[in-house]
>>> print(open('input.txt').read())   # compact mmCIF, C-alpha atoms
# COMPACT_ATOMS: atom_id res chain seq x y z
CA MET A 240 101.66 132.08 127.08
CA ALA A 241 104.52 134.35 125.99
CA GLN A 242 104.42 135.46 129.60
CA THR A 243 104.98 131.91 130.78
CA MET A 244 108.05 131.70 128.60
CA GLU A 245 109.33 134.98 129.98
CA LEU A 246 108.82 133.94 133.57
CA ARG A 247 110.70 130.82 132.74
CA SER A 248 113.62 132.62 131.22
CA ASN A 249 113.68 135.07 134.12
CA GLY A 250 114.34 132.23 136.49
CA GLU A 251 116.82 130.64 134.17
CA ALA A 252 118.70 133.57 132.66
CA GLY A 253 122.31 134.11 133.51
CA ARG A 254 122.93 130.62 134.82
CA THR A 255 126.24 129.17 133.78
CA ALA A 256 127.89 125.81 134.21
CA THR A 257 131.20 124.38 133.21
CA GLY A 258 132.07 120.94 132.04
CA LYS A 259 130.87 118.57 129.42
CA ILE A 260 127.62 116.75 128.94
CA SER A 261 127.26 113.90 126.46
CA ILE A 262 123.97 112.31 125.52
CA ILE A 263 123.37 108.88 123.99
CA MET A 264 120.04 108.68 122.12
CA PHE A 265 118.88 105.26 121.01
CA SER A 266 115.17 105.13 121.59
CA GLY A 267 113.10 106.29 118.67
CA THR A 268 109.94 107.34 120.50
CA ALA A 269 108.91 110.99 120.26
CA ASP A 270 108.91 111.62 124.01
CA LYS A 271 112.68 111.15 124.19
CA PHE A 272 113.37 113.88 121.63
CA ILE A 273 111.75 116.66 123.70
CA PRO A 274 114.14 116.33 126.67
CA LEU A 275 117.00 115.94 124.16
CA GLY A 276 116.13 119.39 122.79
CA VAL A 277 115.57 120.93 126.22
CA ILE A 278 118.73 119.55 127.83
CA THR A 279 121.07 120.26 124.91
CA GLN A 280 119.75 123.79 124.50
CA ALA A 281 119.93 124.59 128.22
CA ALA A 282 123.39 123.05 128.61
CA ALA A 283 124.82 124.80 125.52
CA ALA A 284 123.29 128.13 126.60
CA MET A 285 124.99 127.74 129.99
CA GLY A 286 128.34 127.32 128.30
CA MET A 287 128.76 123.57 128.61
CA ASP A 288 130.33 121.37 125.94
CA VAL A 289 127.57 119.20 124.50
CA ASN A 290 127.97 115.99 122.47
CA VAL A 291 125.08 113.86 121.22
CA PHE A 292 125.54 110.30 119.94
CA VAL A 293 122.54 108.96 118.03
CA THR A 294 122.06 105.24 117.48
CA GLY A 295 119.39 102.55 117.14
CA PHE A 296 115.87 103.56 116.18
CA ALA A 297 116.65 107.19 117.12
CA LEU A 298 118.68 107.50 113.89
CA GLN A 299 115.40 107.75 112.00
CA GLY A 300 114.61 111.05 113.67
CA PHE A 301 117.77 112.48 112.11
CA ALA A 302 117.25 111.22 108.56
CA LYS A 303 117.00 113.78 105.77
CA GLN A 304 113.50 112.43 105.22
CA PRO A 305 112.56 111.70 108.83
CA ARG A 306 109.75 109.29 109.66
CA ASP A 307 107.07 110.40 112.04
CA LEU A 308 108.30 109.44 115.49
CA PRO A 309 105.81 107.27 117.39
CA PHE A 310 104.79 108.07 120.97
CA PRO A 311 105.15 105.20 123.48
CA VAL A 312 101.96 103.17 123.17
CA GLU A 313 101.28 103.52 126.90
CA PHE A 314 100.73 107.23 126.34
CA THR A 315 99.33 107.56 122.82
CA SER A 316 95.93 108.61 124.13
CA MET A 317 97.55 111.60 125.82
CA ALA A 318 99.90 112.55 122.99
CA PRO A 319 97.62 114.76 120.85
CA ALA A 320 96.61 116.97 123.82
CA LEU A 321 100.25 117.20 124.91
CA MET A 322 101.47 118.23 121.47
CA GLN A 323 98.73 120.84 121.22
CA ALA A 324 99.56 122.21 124.67
CA MET A 325 103.25 122.44 123.71
CA LYS A 326 102.30 124.46 120.63
CA ALA A 327 100.00 126.71 122.67
CA ALA A 328 102.82 127.27 125.18
CA ARG A 329 105.12 128.12 122.26
CA VAL A 330 107.56 125.39 123.19
CA GLN A 331 109.83 124.91 120.22
CA PRO A 332 110.05 121.55 118.46
CA TRP A 333 112.99 119.43 119.55
CA ASP A 334 114.93 119.99 116.33
CA ALA A 335 114.74 123.78 116.68
CA MET A 336 116.07 123.52 120.23
CA LEU A 337 118.87 121.20 119.11
CA ARG A 338 119.71 123.57 116.24
CA GLN A 339 120.11 126.41 118.74
CA ALA A 340 122.34 124.18 120.85
CA LYS A 341 124.44 123.49 117.75
CA GLU A 342 124.77 127.22 117.04
CA LEU A 343 126.27 127.44 120.52
CA GLY A 344 128.72 124.65 119.77
CA ALA A 345 126.88 121.37 120.45
CA LYS A 346 127.88 118.46 118.23
CA VAL A 347 125.70 115.60 116.98
CA TYR A 348 127.18 112.29 115.87
CA ALA A 349 125.42 109.34 114.24
CA CYS A 350 126.63 105.86 115.20
CA SER A 351 128.58 104.43 112.26
CA MET A 352 127.76 100.81 113.05
CA MET A 353 124.00 101.27 113.22
CA ALA A 354 124.05 103.62 110.22
CA ASP A 355 125.82 100.84 108.28
CA VAL A 356 123.25 98.30 109.46
CA MET A 357 120.38 100.57 108.42
CA GLY A 358 122.04 101.33 105.08
CA MET A 359 122.40 105.05 105.89
CA LYS A 360 125.36 107.12 104.74
CA LYS A 361 126.34 110.63 105.84
CA ASP A 362 124.26 112.09 102.98
CA ASP A 363 121.14 110.36 104.24
CA PHE A 364 121.19 112.40 107.44
CA GLY A 365 119.83 115.92 107.78
CA ASP A 366 121.98 118.92 108.65
CA LEU A 367 121.67 118.30 112.39
CA VAL A 368 124.24 115.49 112.12
CA ASP A 369 127.85 116.70 112.15
CA ASP A 370 129.49 113.37 111.49
CA VAL A 371 129.10 109.60 111.44
CA VAL A 372 131.48 108.05 113.97
CA GLY A 373 132.07 104.90 116.01
CA ALA A 374 131.26 104.34 119.65
CA ALA A 375 134.92 104.59 120.68
CA THR A 376 135.23 108.02 119.08
CA PHE A 377 132.17 109.17 121.00
CA LEU A 378 133.35 107.71 124.30
CA GLN A 379 136.62 109.54 123.86
CA ALA A 380 134.79 112.81 123.20
CA ALA A 381 132.68 112.16 126.32
CA GLU A 382 135.70 111.41 128.52
CA GLY A 383 135.83 113.32 131.76
CA GLY A 384 132.28 114.66 131.57
CA GLN A 385 128.78 113.55 132.43
CA THR A 386 127.14 111.08 130.05
CA LEU A 387 123.38 110.55 129.84
CA CYS A 388 121.42 107.89 128.04
CA THR A 389 117.93 109.06 127.19
CA GLY A 390 116.93 105.41 126.71
CA MET B 257 130.33 93.80 104.53
CA ALA B 258 133.63 92.63 106.06
CA GLN B 259 135.00 95.75 104.40
CA THR B 260 132.53 97.91 106.29
CA MET B 261 133.71 96.37 109.52
CA GLU B 262 137.31 97.03 108.61
CA LEU B 263 136.65 100.66 107.73
CA ARG B 264 134.96 100.98 111.07
CA SER B 265 137.84 99.54 113.01
CA ASN B 266 140.29 101.68 111.06
CA GLY B 267 138.60 104.80 112.34
CA GLU B 268 138.32 103.41 115.84
CA ALA B 269 141.58 101.57 116.33
CA GLY B 270 144.09 102.82 118.83
CA ARG B 271 141.67 105.08 120.67
CA THR B 272 142.11 105.04 124.41
CA ALA B 273 140.28 106.59 127.31
CA THR B 274 140.77 106.58 131.02
CA GLY B 275 138.24 106.49 133.78
CA LYS B 276 135.30 104.39 134.71
CA ILE B 277 131.95 103.85 133.06
CA SER B 278 129.07 102.17 134.88
CA ILE B 279 125.86 101.12 133.23
CA ILE B 280 122.49 100.44 134.86
CA MET B 281 120.27 98.16 132.76
CA PHE B 282 116.68 97.79 133.82
CA SER B 283 114.63 97.74 130.66
CA GLY B 284 114.09 94.29 129.22
CA THR B 285 113.49 95.21 125.57
CA ALA B 286 115.93 93.86 123.00
CA ASP B 287 116.92 97.25 121.61
CA LYS B 288 118.62 98.21 124.89
CA PHE B 289 120.92 95.18 124.85
CA ILE B 290 122.60 96.16 121.57
CA PRO B 291 124.01 99.49 122.85
CA LEU B 292 124.92 97.68 126.09
CA GLY B 293 127.12 95.35 124.07
CA VAL B 294 128.55 98.12 121.87
CA ILE B 295 129.33 100.55 124.70
CA THR B 296 130.81 97.99 127.10
CA GLN B 297 132.96 96.46 124.38
CA ALA B 298 134.20 99.82 123.08
CA ALA B 299 134.86 101.18 126.57
CA ALA B 300 136.68 98.06 127.74
CA ALA B 301 138.76 97.95 124.55
CA MET B 302 139.79 101.58 125.18
CA GLY B 303 141.04 100.65 128.61
CA MET B 304 138.19 101.99 130.73
CA ASP B 305 136.88 100.28 133.87
CA VAL B 306 133.40 98.98 133.08
CA ASN B 307 130.69 97.95 135.55
CA VAL B 308 127.21 96.81 134.60
CA PHE B 309 124.33 96.60 137.09
CA VAL B 310 121.34 94.61 135.83
CA THR B 311 117.94 94.97 137.42
CA GLY B 312 114.19 94.90 136.65
CA PHE B 313 113.02 93.11 133.54
CA ALA B 314 116.56 93.21 132.13
CA LEU B 315 117.51 90.40 134.55
CA GLN B 316 115.69 87.98 132.28
CA GLY B 317 118.23 88.59 129.52
CA PHE B 318 120.93 87.27 131.85
CA ALA B 319 119.15 84.13 133.05
CA LYS B 320 120.78 80.77 132.39
CA GLN B 321 117.70 80.01 130.33
CA PRO B 322 117.04 83.47 128.90
CA ARG B 323 113.63 84.38 127.55
CA ASP B 324 113.40 85.89 124.12
CA LEU B 325 113.71 89.63 124.61
CA PRO B 326 110.80 91.55 123.09
CA PHE B 327 111.37 94.57 120.85
CA PRO B 328 109.50 97.75 121.83
CA VAL B 329 106.03 97.42 120.31
CA GLU B 330 106.41 100.75 118.50
CA PHE B 331 109.14 99.16 116.38
CA THR B 332 108.21 95.49 116.09
CA SER B 333 107.41 95.88 112.40
CA MET B 334 110.99 97.00 111.78
CA ALA B 335 112.69 94.49 114.05
CA PRO B 336 113.03 91.49 111.69
CA ALA B 337 114.69 93.58 108.93
CA LEU B 338 116.98 95.19 111.51
CA MET B 339 118.07 91.86 112.98
CA GLN B 340 118.73 90.47 109.52
CA ALA B 341 120.74 93.54 108.54
CA MET B 342 122.82 93.20 111.71
CA LYS B 343 123.58 89.61 110.83
CA ALA B 344 124.47 90.57 107.24
CA ALA B 345 126.78 93.31 108.57
CA ARG B 346 128.37 90.71 110.86
CA VAL B 347 127.53 92.70 113.96
CA GLN B 348 128.01 90.38 116.90
CA PRO B 349 125.10 89.61 119.22
CA TRP B 350 125.05 91.72 122.40
CA ASP B 351 126.17 88.84 124.61
CA ALA B 352 129.24 88.15 122.49
CA MET B 353 130.22 91.84 122.70
CA LEU B 354 129.65 91.85 126.46
CA ARG B 355 131.71 88.67 126.80
CA GLN B 356 134.62 90.38 125.02
CA ALA B 357 134.24 93.34 127.36
CA LYS B 358 134.40 90.93 130.30
CA GLU B 359 137.59 89.35 128.94
CA LEU B 360 139.03 92.87 129.08
CA GLY B 361 137.94 93.29 132.68
CA ALA B 362 134.32 94.48 132.59
CA LYS B 363 132.17 93.28 135.49
CA VAL B 364 128.45 92.45 135.45
CA TYR B 365 126.35 92.51 138.62
CA ALA B 366 122.74 91.43 139.07
CA CYS B 367 120.63 93.46 141.53
CA SER B 368 120.11 91.36 144.66
CA MET B 369 116.78 92.93 145.55
CA MET B 370 115.14 92.30 142.19
CA ALA B 371 116.74 88.86 141.93
CA ASP B 372 115.14 88.04 145.31
CA VAL B 373 111.80 89.36 144.11
CA MET B 374 111.99 87.30 140.93
CA GLY B 375 113.12 84.24 142.86
CA MET B 376 116.47 84.07 141.09
CA LYS B 377 119.65 82.95 142.82
CA LYS B 378 123.23 83.26 141.58
CA ASP B 379 122.95 79.83 139.97
CA ASP B 380 119.98 80.93 137.89
CA PHE B 381 122.12 83.43 136.03
CA GLY B 382 124.34 82.61 133.07
CA ASP B 383 128.11 83.04 133.13
CA LEU B 384 127.92 86.70 132.12
CA VAL B 385 126.93 87.60 135.69
CA ASP B 386 129.91 87.96 138.03
CA ASP B 387 127.94 88.46 141.22
CA VAL B 388 124.59 89.34 142.77
CA VAL B 389 124.93 92.56 144.77
CA GLY B 390 122.88 95.41 146.22
CA ALA B 391 122.44 98.91 144.80
CA ALA B 392 124.77 100.44 147.41
CA THR B 393 127.57 98.08 146.42
CA PHE B 394 127.12 99.07 142.80
CA LEU B 395 126.96 102.79 143.54
CA GLN B 396 130.20 102.47 145.46
CA ALA B 397 131.84 100.67 142.54
CA ALA B 398 130.57 103.44 140.24
CA GLU B 399 131.86 106.24 142.46
CA GLY B 400 133.90 108.86 140.69
CA GLY B 401 133.09 107.72 137.17
CA GLN B 402 130.37 108.21 134.59
CA THR B 403 127.15 106.29 135.13
CA LEU B 404 124.63 105.57 132.38
CA CYS B 405 121.12 104.21 132.59
CA THR B 406 120.07 102.52 129.41
CA GLY B 407 116.42 102.84 130.43
CA MET C 220 111.34 87.04 153.56
CA ALA C 221 112.38 89.33 156.41
CA GLN C 222 115.50 87.18 156.44
CA THR C 223 116.18 88.03 152.83
CA MET C 224 115.94 91.71 153.65
CA GLU C 225 118.35 91.27 156.52
CA LEU C 226 120.86 89.40 154.42
CA ARG C 227 120.61 92.20 151.94
CA SER C 228 121.20 94.91 154.47
CA ASN C 229 124.07 92.95 155.96
CA GLY C 230 125.88 93.09 152.66
CA GLU C 231 125.02 96.71 152.13
CA ALA C 232 125.30 98.24 155.57
CA GLY C 233 128.02 100.73 156.32
CA ARG C 234 128.86 101.46 152.71
CA THR C 235 129.54 105.11 152.04
CA ALA C 236 130.19 107.15 148.95
CA THR C 237 130.91 110.76 148.30
CA GLY C 238 129.81 112.97 145.49
CA LYS C 239 126.59 113.87 143.83
CA ILE C 240 124.12 111.87 141.82
CA SER C 241 121.40 113.53 139.76
CA ILE C 242 118.57 111.66 138.10
CA ILE C 243 116.40 112.80 135.21
CA MET C 244 113.01 111.02 135.11
CA PHE C 245 110.88 111.49 132.05
CA SER C 246 109.34 108.16 131.27
CA GLY C 247 105.99 107.58 132.95
CA THR C 248 105.98 103.77 133.05
CA ALA C 249 105.86 102.11 136.44
CA ASP C 250 109.05 100.09 135.98
CA LYS C 251 111.16 103.27 135.97
CA PHE C 252 109.89 104.39 139.38
CA ILE C 253 111.20 101.30 141.20
CA PRO C 254 114.89 101.91 140.34
CA LEU C 255 114.31 105.62 141.06
CA GLY C 256 113.32 104.68 144.61
CA VAL C 257 116.09 102.12 145.03
CA ILE C 258 118.89 104.31 143.68
CA THR C 259 117.88 107.51 145.47
CA GLN C 260 117.43 105.69 148.76
CA ALA C 261 120.73 103.80 148.48
CA ALA C 262 122.67 106.89 147.36
CA ALA C 263 121.20 109.14 150.08
CA ALA C 264 121.85 106.48 152.74
CA MET C 265 125.49 106.32 151.62
CA GLY C 266 125.83 110.05 152.14
CA MET C 267 125.68 111.22 148.53
CA ASP C 268 123.94 114.41 147.40
CA VAL C 269 120.89 113.38 145.40
CA ASN C 270 118.86 115.54 142.98
CA VAL C 271 115.90 114.31 140.94
CA PHE C 272 114.48 116.23 137.98
CA VAL C 273 111.05 115.03 136.88
CA THR C 274 109.69 115.86 133.44
CA GLY C 275 107.50 114.51 130.62
CA PHE C 276 104.98 111.78 131.43
CA ALA C 277 106.80 111.06 134.69
CA LEU C 278 105.31 114.25 136.16
CA GLN C 279 102.02 112.38 136.52
CA GLY C 280 103.55 110.05 139.07
CA PHE C 281 104.22 113.07 141.28
CA ALA C 282 100.80 114.72 141.04
CA LYS C 283 98.81 115.22 144.24
CA GLN C 284 96.23 112.93 142.68
CA PRO C 285 98.55 110.56 140.83
CA ARG C 286 97.29 108.45 137.94
CA ASP C 287 98.01 104.76 137.99
CA LEU C 288 101.34 104.34 136.25
CA PRO C 289 101.17 101.88 133.35
CA PHE C 290 103.71 99.07 132.96
CA PRO C 291 105.45 98.86 129.56
CA VAL C 292 103.12 96.90 127.32
CA GLU C 293 105.86 94.39 126.51
CA PHE C 294 105.75 93.27 130.14
CA THR C 295 102.15 93.78 131.26
CA SER C 296 101.57 90.04 131.47
CA MET C 297 104.37 89.79 134.03
CA ALA C 298 103.50 92.88 136.03
CA PRO C 299 100.90 91.47 138.45
CA ALA C 300 103.17 88.61 139.57
CA LEU C 301 106.08 91.03 139.93
CA MET C 302 104.10 93.49 142.04
CA GLN C 303 102.85 90.67 144.25
CA ALA C 304 106.37 89.29 144.66
CA MET C 305 107.62 92.74 145.63
CA LYS C 306 104.95 92.97 148.28
CA ALA C 307 105.75 89.46 149.56
CA ALA C 308 109.43 90.40 149.75
CA ARG C 309 108.44 93.53 151.68
CA VAL C 310 110.05 95.80 149.12
CA GLN C 311 108.75 99.27 149.82
CA PRO C 312 106.82 101.19 147.15
CA TRP C 313 108.96 103.65 145.16
CA ASP C 314 107.46 106.70 146.88
CA ALA C 315 108.29 105.39 150.34
CA MET C 316 111.90 104.81 149.26
CA LEU C 317 112.09 108.29 147.72
CA ARG C 318 110.60 109.78 150.90
CA GLN C 319 113.37 108.15 152.93
CA ALA C 320 115.92 109.55 150.50
CA LYS C 321 114.38 112.99 151.00
CA GLU C 322 114.63 112.66 154.78
CA LEU C 323 118.34 112.12 154.20
CA GLY C 324 118.56 115.25 152.07
CA ALA C 325 117.56 114.24 148.53
CA LYS C 326 115.77 116.93 146.51
CA VAL C 327 113.06 116.46 143.88
CA TYR C 328 112.37 119.09 141.23
CA ALA C 329 109.58 119.19 138.67
CA CYS C 330 110.42 120.64 135.23
CA SER C 331 108.79 124.07 134.96
CA MET C 332 108.38 123.93 131.19
CA MET C 333 106.56 120.59 131.10
CA ALA C 334 104.53 121.51 134.20
CA ASP C 335 103.39 124.66 132.33
CA VAL C 336 102.54 122.59 129.27
CA MET C 337 100.53 120.12 131.34
CA GLY C 338 98.83 122.96 133.23
CA MET C 339 100.32 121.89 136.57
CA LYS C 340 101.32 124.38 139.25
CA LYS C 341 103.38 123.76 142.38
CA ASP C 342 100.16 123.06 144.32
CA ASP C 343 99.21 120.28 141.93
CA PHE C 344 102.22 118.24 142.98
CA GLY C 345 102.37 116.05 146.05
CA ASP C 346 104.77 116.62 148.91
CA LEU C 347 107.58 114.68 147.23
CA VAL C 348 108.26 117.66 144.97
CA ASP C 349 110.45 120.34 146.57
CA ASP C 350 110.19 122.89 143.80
CA VAL C 351 109.31 123.55 140.16
CA VAL C 352 112.42 124.69 138.29
CA GLY C 353 113.86 125.00 134.79
CA ALA C 354 116.33 122.66 133.12
CA ALA C 355 119.20 125.12 133.53
CA THR C 356 118.64 125.30 137.28
CA PHE C 357 118.76 121.52 137.44
CA LEU C 358 121.87 121.24 135.27
CA GLN C 359 123.59 123.71 137.54
CA ALA C 360 122.61 121.67 140.61
CA ALA C 361 123.93 118.56 138.84
CA GLU C 362 127.24 120.17 137.90
CA GLY C 363 130.29 118.18 138.79
CA GLY C 364 128.45 114.99 139.68
CA GLN C 365 127.07 111.93 137.94
CA THR C 366 123.81 112.36 136.07
CA LEU C 367 121.50 109.49 135.14
CA CYS C 368 118.49 109.45 132.87
CA THR C 369 116.11 106.67 133.78
CA GLY C 370 114.53 106.96 130.32
>>> encode(input="input.txt", output="structure tokens")
Amino acid sequence: MAQTMELRSNGEAGRTATGKISIIMFSGTADKFIPLGVITQAAAAMGMDVNVFVTGFALQGFAKQPRDLPFPVEFTSMAPALMQAMKAARVQPWDAMLRQAKELGAKVYACSMMADVMGMKKDDFGDLVDDVVGAATFLQAAEGGQTLCTG
Amino acid sequence: MAQTMELRSNGEAGRTATGKISIIMFSGTADKFIPLGVITQAAAAMGMDVNVFVTGFALQGFAKQPRDLPFPVEFTSMAPALMQAMKAARVQPWDAMLRQAKELGAKVYACSMMADVMGMKKDDFGDLVDDVVGAATFLQAAEGGQTLCTG
Amino acid sequence: MAQTMELRSNGEAGRTATGKISIIMFSGTADKFIPLGVITQAAAAMGMDVNVFVTGFALQGFAKQPRDLPFPVEFTSMAPALMQAMKAARVQPWDAMLRQAKELGAKVYACSMMADVMGMKKDDFGDLVDDVVGAATFLQAAEGGQTLCTG
């Protein structure tokens, strides 16, 4: 499967893009974290500015002691085979991909309002979270770029 | 907790942003309505143009006689504590936040096709809905700005 | 109901928009495919460039032998009536709408990484899929436009 990965990078290598991409994460199901990792890593590797704003149930995935993220119930029967296939294909876990994105400059912000509501302070988040900020701060950082909601 | 709110607004006050943000709402689960309220209110308060296009199961949240919005089943066990914590933190309900956004100029449109399908006419919607329009009308209003889908 | 459709097109006809709209599909529930069809068809008909990037569980909806797409469990009780009402209102199925968008120039890409993971090759996808590409290729195609995630 290392070959698969190489073929993939062959097609992808050397691509660049300008601009800014900002991602709002609020769903806490596991399937949303995989594209978060893939998109942030690809965008940061291409040279884009990347901002992530984490809120709602998604905050739990960024806690220092993260809970296991549930798969959407509609797909739980398929989840174990999918996770095994991702391992076999040497796809990195979402947090490793996001960490690489951060090494390339991506920033991750936790929503201050929902953190307050959930009783979480900056220290309760793992090292993936750069800061705890409000929605207005994030919207200002996102200004003039593309903004995605992963739902 | 009023203090928490004040700290939050201290960090957020005076922030401005230009441009246009458009939000497509089609999921009908309760967790999607909270960020809808937060983002529209923050964006409108910063001076941005805000358009919301409501379709699919989300239309039910805007009915004159709204149904109770279900939480995603993966998180129902956590929902009561979360709702109570939001109340304790004096976080406004999503519709109050959206109403404030509307006072600052935000517009809310219901999707005419799905309203037809669900047998809903303009009169069946509450006062949050400004008009019932088609997807093309919304896309034209969204042109040149950022567009989010809350899933 | 043909009248309804006509009224709708009357309001919508002749609208144009410039620019590019890119849509990331990763959720595999049926309710996400309806707005995919509506938005791509409306945007393509208005003259916009449209790119769709399909990944995660959504890939199954594009297989040559597609599985039945599940509705979100929170809304399964409402799904049969909704589907019947859509038929009665002569709303086209999502794939017919997407096909029309493609005739107007829209492009659909399957995510190469998730296709690998799921053991799907180009031949395993139906004719809606133009190519199997990586995330970086898609982000480059999306550059400078609006990008939506349908969750």
>>> closest_residue(input="input.txt", among="B:Asp287, B:Asp324, B:Asp380, B:Asp305", to="chain A", atoms="all atoms listed in the file")
B:Asp287
>>> atom_distance(input="input.txt", atom1="CA of Val271 in chain C", atom2="CA of Met244 in chain C")
7.3 Å
>>> interface_residues(input="input.txt", of="chain C", to="chain B", cutoff="8 Å", atoms="all atoms listed in the file", output="PyMOL selection string")
chain C and resi 223+227+230-231+234-238+250-251+254+257-258+261-262+265+292-293+301+304-305+308+365-370
>>> atom_distance(input="input.txt", atom1="CA of Asp366 in chain A", atom2="CA of Val347 in chain B")
27.3 Å
>>> atom_distance(input="input.txt", atom1="CA of Gln356 in chain B", atom2="CA of Leu384 in chain B")
10.4 Å
>>> residues_around(input="input.txt", residues="Asp362 in chain A", least_positions_apart="2", cutoff="12 Å", atoms="only C-alpha atoms", output="list in words")
Phe301, Ala302, Lys303, Gln304, Ala349, Ala354, Gly358, Met359, Lys360, Phe364, Gly365, Asp366, Leu367, Val368, Asp369, Asp370 and Val371 of chain A
>>> closest_residue(input="input.txt", among="B:Arg323, B:Lys358, B:Lys276, B:Lys343", to="Gln297 in chain B", atoms="all atoms listed in the file")
B:Lys358
>>> closest_residue(input="input.txt", among="C:Leu255, C:Ser296, C:Tyr328, C:Pro285", to="Lys341 in chain C", atoms="only C-alpha atoms")
C:Tyr328
>>> axis_aligned_box(input="input.txt", around="range 318-329 of chain B", padding_each_side="8 Å", output="lines of an AutoDock Vina configuration file")
center_x = 113.5
center_y = 88.9
center_z = 126.7
size_x = 30.9
size_y = 33.7
size_z = 28.7
>>> closest_residue(input="input.txt", among="A:Leu337, A:Ile273, A:Met287, A:Ala297", to="Cys350 in chain A", atoms="all atoms listed in the file")
A:Ala297
>>> closest_residue(input="input.txt", among="A:Ala327, A:Val293, A:Ala320, A:Ala283", to="Ala340 in chain A", atoms="only C-alpha atoms")
A:Ala283
>>> closest_residue(input="input.txt", among="C:Met316, C:Ala249, C:Gly266, C:Glu322", to="Thr295 in chain C", atoms="all atoms listed in the file")
C:Ala249
>>> build_atoms(input="input.txt", residues="range 336-349 of chain C", atoms="N, CA and C atoms", output="compact mmCIF listing (two decimals), in the frame of the given file")
# COMPACT_ATOMS: atom_id res chain seq x y z
N VAL C 336 103.22 123.21 130.41
CA VAL C 336 102.54 122.59 129.27
C VAL C 336 101.36 121.73 129.74
N MET C 337 101.58 121.01 130.84
CA MET C 337 100.53 120.12 131.34
C MET C 337 99.55 120.87 132.26
N GLY C 338 99.75 122.16 132.41
CA GLY C 338 98.83 122.96 133.23
C GLY C 338 98.93 122.65 134.72
N MET C 339 100.12 122.22 135.16
CA MET C 339 100.32 121.89 136.57
C MET C 339 101.10 123.00 137.26
N LYS C 340 100.60 123.40 138.42
CA LYS C 340 101.32 124.38 139.25
C LYS C 340 101.91 123.66 140.46
N LYS C 341 102.72 124.38 141.23
CA LYS C 341 103.38 123.76 142.38
C LYS C 341 102.37 123.02 143.27
N ASP C 342 101.18 123.64 143.44
CA ASP C 342 100.16 123.06 144.32
C ASP C 342 99.57 121.76 143.79
N ASP C 343 99.76 121.52 142.50
CA ASP C 343 99.21 120.28 141.93
C ASP C 343 100.10 119.08 142.20
N PHE C 344 101.30 119.34 142.69
CA PHE C 344 102.22 118.24 142.98
C PHE C 344 102.11 117.81 144.44
N GLY C 345 102.36 116.56 144.68
CA GLY C 345 102.37 116.05 146.05
C GLY C 345 103.59 116.54 146.80
N ASP C 346 103.71 116.09 148.04
CA ASP C 346 104.77 116.62 148.91
C ASP C 346 106.16 116.08 148.59
N LEU C 347 106.25 115.16 147.62
CA LEU C 347 107.58 114.68 147.23
C LEU C 347 108.35 115.74 146.46
N VAL C 348 107.61 116.65 145.82
CA VAL C 348 108.26 117.66 144.97
C VAL C 348 108.66 118.89 145.79
N ASP C 349 109.95 119.20 145.80
CA ASP C 349 110.45 120.34 146.57
C ASP C 349 110.21 121.65 145.86
